[in-house]
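> Would you mind keeping the following structure in view while I ask a few things?
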Amino acid sequence: MRVAPAIAGLVAMSAAGFGTVTVGDSQDDTVMSSGPRQTTDRSYAGVDAGSTDGTDISRSFNRQVYEEQRTTQEEQLAIVAAQRQQIEQDVESYAEQVADQWVIPVTGYRLTARFGQSSGLWSSGQHTGLDLAGPSGTTIVAAASGTVKTAGYDGAYGNKTSIVLDDIDPGNQTEMWYAHQSRIVVEPGQKVNAGDVIGYTGATGNVTGPHLHLEVRPEGGEPVNPEEALQEHGVRP
C-alpha cells in the first residue's frame, strides 16, 4: 500500500519520539518499541539509574541528613537513659533517708505518763519511759530502724519487743523497748525499718489499761528519757 508523503512525515516524527513503528496493513500490526518508555517508568519509580545492585533509592534521599537525625536520636536515648539512672538513684537515696527517720510508734494515742514521774503504780517508784494510751489492738510500728533482740513475755512489761537501733551509735547497742503488747509479730534477729509493724497494743503485764510503754536504753542498761531521743530525731510525742 502506498503511503502519502504527509502521513509518512508524521510517522517519521512519531518514530523519532517513541521508537520504531512498523506499519502493516491493519492496526493490529502496529507495534511500538518500549525501550524509552521503560526508561521513563524506571526513573519515575525512583530507581537510581546508576545503581548496579537494583536497590531502590529515593532521589530525594539525603544521607547526611539521615546520619544527623540518627545521631540526634542516639543522643536523646542516652539522655533518657541517664535521667532514668538518676531517678533510680534518687529513689534509692530517698528510701534510705526514710528508713533512717524516726516516727511515733502508734496513732490516736494519749500521752498518759512521762519519763521520771513518781507513782506507786510503778515497781521502781519512777516511770522509766513514755506511756502512749489508746484502744487495745492499735498497730505498733518501729519508731526507728534496727534489729529485733528479744520478743516475748517479760514479767511486769508483759509482751515486750526490744530492738537494737541502727542510727544512734552502732557501737553502743542502744535498745528501744515496746511493752504491754497484746500481740507480737516480729522475732529475734529480724531487721525492721521505721514504720514497720511490730505488734499491737494491749494490757499485758503490770498495767491499769491498754497502752504502749516505750523505753530507750543505751547498751541495754539504765533507761534514758525517750522523749529527748525522739525529739533529737525530729519527732515530738
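Quick note on naming: the chains in the C-alpha cells go A, B, ... in the order shown, residues restart at 1 in each chain, and ligands are numbered from 1 in order of appearance.
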Just want the 7 Å neighbourhood of A:Val106, counted on only C-alpha atoms, with same-chain residues fewer than 4 positions away dropped. Output as a PDB file with N, CA and C atoms, in the first residue's frame.


ATOM      1  N   THR A 139      -2.248  -0.676 116.109  1.00  0.00           N
ATOM      2  CA  THR A 139      -0.996  -1.105 115.474  1.00  0.00           C
ATOM      3  C   THR A 139       0.198  -0.375 116.075  1.00  0.00           C
ATOM      4  N   ILE A 140       1.256  -1.131 116.360  1.00  0.00           N
ATOM      5  CA  ILE A 140       2.530  -0.571 116.816  1.00  0.00           C
ATOM      6  C   ILE A 140       3.550  -0.743 115.692  1.00  0.00           C
ATOM      7  N   VAL A 141       4.238   0.343 115.347  1.00  0.00           N
ATOM      8  CA  VAL A 141       5.299   0.278 114.337  1.00  0.00           C
ATOM      9  C   VAL A 141       6.625   0.617 114.997  1.00  0.00           C
TER      10      VAL A 141
END

> Quick one: everything within 6 Å of A:Ala194, counting only C-alpha atoms, minus sequence neighbours fewer than 5 positions away in the same chain. Send it as a list in words.

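The contact residues come out as Ala99, Ala142, Ala143, Ala144 and Ser145 of chain A.
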
> With only C-alpha atoms as the basis for distance, which of A:Gln181, A:Asn172, A:Gln101, A:Asn225 is at the shortest distance from A:Phe115?

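Looking only at the distances to A:Phe115, the closest residue turns out to be A:Asn225.
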
> Running DSSP on the backbone, which parts of stretch 155-229 of chain A land in helix (DSSP H, G or I), as a VMD selection string?

chain A and resid 155 to 157 218 to 220 226 to 229

> Output the selection as a PDB file, in the first residue's frame - N, CA, C and O atoms for each residue.


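Writing done, so here's out-v3.pdb:
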ATOM      1  N   GLY A 155       7.662 -10.437 132.427  1.00  0.00           N
ATOM      2  CA  GLY A 155       7.160 -10.017 133.730  1.00  0.00           C
ATOM      3  C   GLY A 155       6.254  -8.813 133.702  1.00  0.00           C
ATOM      4  O   GLY A 155       5.237  -8.788 133.009  1.00  0.00           O
ATOM      5  N   ALA A 156       6.630  -7.762 134.462  1.00  0.00           N
ATOM      6  CA  ALA A 156       5.810  -6.559 134.578  1.00  0.00           C
ATOM      7  C   ALA A 156       5.638  -5.842 133.238  1.00  0.00           C
ATOM      8  O   ALA A 156       4.675  -5.089 133.044  1.00  0.00           O
ATOM      9  N   TYR A 157       6.561  -6.088 132.307  1.00  0.00           N
ATOM     10  CA  TYR A 157       6.464  -5.450 130.989  1.00  0.00           C
ATOM     11  C   TYR A 157       5.461  -6.156 130.081  1.00  0.00           C
ATOM     12  O   TYR A 157       5.123  -5.651 129.007  1.00  0.00           O
ATOM     13  N   PRO A 218      20.452   2.823 126.470  1.00  0.00           N
ATOM     14  CA  PRO A 218      21.798   2.680 125.883  1.00  0.00           C
ATOM     15  C   PRO A 218      22.491   1.443 126.448  1.00  0.00           C
ATOM     16  O   PRO A 218      22.468   1.201 127.673  1.00  0.00           O
ATOM     17  N   GLU A 219      23.075   0.658 125.587  1.00  0.00           N
ATOM     18  CA  GLU A 219      23.770  -0.574 125.952  1.00  0.00           C
ATOM     19  C   GLU A 219      22.853  -1.561 126.670  1.00  0.00           C
ATOM     20  O   GLU A 219      23.332  -2.481 127.333  1.00  0.00           O
ATOM     21  N   GLY A 220      21.523  -1.380 126.531  1.00  0.00           N
ATOM     22  CA  GLY A 220      20.611  -2.262 127.230  1.00  0.00           C
ATOM     23  C   GLY A 220      20.639  -2.062 128.727  1.00  0.00           C
ATOM     24  O   GLY A 220      20.105  -2.884 129.486  1.00  0.00           O
ATOM     25  N   PRO A 226      13.055   8.770 126.691  1.00  0.00           N
ATOM     26  CA  PRO A 226      12.797   8.517 125.266  1.00  0.00           C
ATOM     27  C   PRO A 226      12.257   9.734 124.531  1.00  0.00           C
ATOM     28  O   PRO A 226      12.438   9.856 123.319  1.00  0.00           O
ATOM     29  N   GLU A 227      11.637  10.658 125.284  1.00  0.00           N
ATOM     30  CA  GLU A 227      11.115  11.866 124.643  1.00  0.00           C
ATOM     31  C   GLU A 227      12.246  12.696 124.062  1.00  0.00           C
ATOM     32  O   GLU A 227      12.130  13.243 122.959  1.00  0.00           O
ATOM     33  N   GLU A 228      13.364  12.794 124.788  1.00  0.00           N
ATOM     34  CA  GLU A 228      14.520  13.539 124.279  1.00  0.00           C
ATOM     35  C   GLU A 228      15.105  12.855 123.042  1.00  0.00           C
ATOM     36  O   GLU A 228      15.498  13.520 122.074  1.00  0.00           O
ATOM     37  N   ALA A 229      15.178  11.524 123.097  1.00  0.00           N
ATOM     38  CA  ALA A 229      15.706  10.784 121.943  1.00  0.00           C
ATOM     39  C   ALA A 229      14.822  10.994 120.713  1.00  0.00           C
ATOM     40  O   ALA A 229      15.325  11.188 119.596  1.00  0.00           O
TER      41      ALA A 229
END

> I'd like the contact shell of stretch 202-216 of chain A - 7 Å cut-off, only C-alpha atoms, skipping same-chain residues fewer than 5 positions apart - returned as a list of chain:residue names.

A:Thr128, A:Gly129, A:Leu130, A:Asp131, A:Leu132, A:Ala133, A:Gly134, A:Pro135, A:Ser136, A:Gly137, A:Gly155, A:Ala156, A:Tyr157, A:Gly158, A:Asn159, A:Glu175, A:Met176, A:Trp177, A:Tyr178, A:Ala179, A:His180, A:Gln181, A:Ser182, A:Pro223, A:Val224, A:Asn225, A:Pro226

> Filtering to C-alpha atoms, could you give me those residues as a PDB file, in the first residue's frame?


ATOM      1  CA  THR A 128      11.078   4.615 133.067  1.00  0.00           C
ATOM      2  CA  GLY A 129       9.560   5.574 129.721  1.00  0.00           C
ATOM      3  CA  LEU A 130       6.608   7.086 127.891  1.00  0.00           C
ATOM      4  CA  ASP A 131       3.066   5.698 128.085  1.00  0.00           C
ATOM      5  CA  LEU A 132       1.017   6.136 124.899  1.00  0.00           C
ATOM      6  CA  ALA A 133      -2.526   5.039 125.743  1.00  0.00           C
ATOM      7  CA  GLY A 134      -5.181   4.023 123.243  1.00  0.00           C
ATOM      8  CA  PRO A 135      -7.572   1.263 122.237  1.00  0.00           C
ATOM      9  CA  SER A 136      -6.298  -2.287 122.639  1.00  0.00           C
ATOM     10  CA  GLY A 137      -5.203  -3.744 119.317  1.00  0.00           C
ATOM     11  CA  GLY A 155       7.160 -10.017 133.730  1.00  0.00           C
ATOM     12  CA  ALA A 156       5.810  -6.559 134.578  1.00  0.00           C
ATOM     13  CA  TYR A 157       6.464  -5.450 130.989  1.00  0.00           C
ATOM     14  CA  GLY A 158       4.095  -8.079 129.641  1.00  0.00           C
ATOM     15  CA  ASN A 159       4.647  -8.886 125.969  1.00  0.00           C
ATOM     16  CA  GLU A 175      17.859  -0.535 122.609  1.00  0.00           C
ATOM     17  CA  MET A 176      14.236   0.585 122.332  1.00  0.00           C
ATOM     18  CA  TRP A 177      11.635  -1.375 124.273  1.00  0.00           C
ATOM     19  CA  TYR A 178       7.960  -1.725 123.344  1.00  0.00           C
ATOM     20  CA  ALA A 179       5.974  -3.173 126.280  1.00  0.00           C
ATOM     21  CA  HIS A 180       2.453  -4.378 127.233  1.00  0.00           C
ATOM     22  CA  GLN A 181       1.623  -5.613 123.726  1.00  0.00           C
ATOM     23  CA  SER A 182      -1.410  -7.793 123.096  1.00  0.00           C
ATOM     24  CA  PRO A 223      16.773   3.807 130.712  1.00  0.00           C
ATOM     25  CA  VAL A 224      17.044   7.399 129.480  1.00  0.00           C
ATOM     26  CA  ASN A 225      14.295   9.828 128.545  1.00  0.00           C
ATOM     27  CA  PRO A 226      12.797   8.517 125.266  1.00  0.00           C
TER      28      PRO A 226
END

> To one decimal place in Å, what is the distance between atom CA of A:His233 and atom CA of A:Val197?

19.6 Å

> Which distance in Å separates atom CA of A:Gly146 and atom CA of A:Gln190, to one decimal?

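Atom CA of A:Gln190 lies at a distance of 8.6 Å from atom CA of A:Gly146.
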
> Expressed in Å to a single decimal, how great is the separation between atom CA of A:Ile104 and atom CA of A:Ala151?

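Atom-to-atom, atom CA of A:Ile104 to atom CA of A:Ala151, that is 19.8 Å.
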
> List as a PyMOL selection string the protein and nucleic acid residues near A:Gln126, meaning an atom at most 6 Å away when only C-alpha atoms are counted, but skip any in the same chain fewer than 6 places from it.

chain A and resi 116-118
